[in-house]
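> Can you read through this structure? Questions will come right after.
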Amino acid sequence: MINSSNARDEIQKILNDKEYKVYYNESKNALELWWENAKEWIADQLAKLFPSITPSNGTAGFILIIIIVAVIALLGIIVFFLVRNQYRNRLLREKNPLQSMKEMDWSYQKHLMEANKLGALEEYTLSTRHLFLALLLYFHDKGWLEARIWKTNWEYYDELRKENQKWADQFFNLALLFDEAAYGEREIKKEEYLAFRTEAMKWLNEAVERTEG
């Protein structure tokens with residue numbers, strides 16, 4: 001009995017020995033060590049926040065999993081918006097809003113009337129296109145930019161910001177939706193169209209007065 005007790009003591013001593021702990025840690029891979037250390041850190045933080053509660057190893061592990069999932073989700077969202085913004089900016093730099101001389105020869109009032117007609121027919125994607133071209137040619141008539149078939153919306157934005165940075169920023173946002181309507185191969189929803197029209201008409205009210213006068 002005494003020998004058995006002594007043997008257990010010796011085994012426990014070996015297990016607690018620093019050299020054994022080093023050997024045990026070395027036998028683990030880096031991921032296991034990181035996981036154990038992370039759980040210990042979380043358990044320590046929980047103990048500091050809630051002194052009356054003794055967090056278990058399982059609780060710390062569960063919270064760690066939640067944190068990892070949240071971080072991965074956040075990174076996914078960030079990547080999604082970065083890719084989308086790069087795609088939108090590429091459209092602004094590569095695509096020309098005026099596709100033909102006919103579109104260029106129309107007055108902004110005529111584009112606006114066409115936009116109103118298409119909007120009444122619930123053709124929101126086509127109406128968005130004509131509404132944007134009306135705005136672009138209105139800026140041209142005002143001398144804020146020079147409309148040309150070969151120019152991109154990015155070039156128009158660059159010209160407009162020399163006149164007024166706030167106008168340029170508003171134009172940039174409208175150009176993003178226009179590009180999606182014209183080149184993004186998706187239908188513009190009514191809510192998007194109405195918001196787009198509201199912003200565009202802040203400038204084009206003068207054109208409305210002329211067409212109705």
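Residues in the structure tokens are numbered from 1 in each chain, the chains being A, B, ... in the order shown, and ligands are numbered from 1 in the order shown.
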Leaving out Lys117 in chain A and any residue of its chain fewer than 3 positions from it, which residues lie within 12 Å of it when counting only C-alpha atoms, given as a ChimeraX atom specification?

/A:110-114,120-124,126-128,130-131

> Under the rule that only C-alpha atoms are counted, which of A:Glu187, A:Glu159, A:Asp179, A:Glu199 is the nearest residue to Leu135 in chain A?

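Once distances to Leu135 in chain A are computed over only C-alpha atoms, the minimum belongs to A:Glu199.
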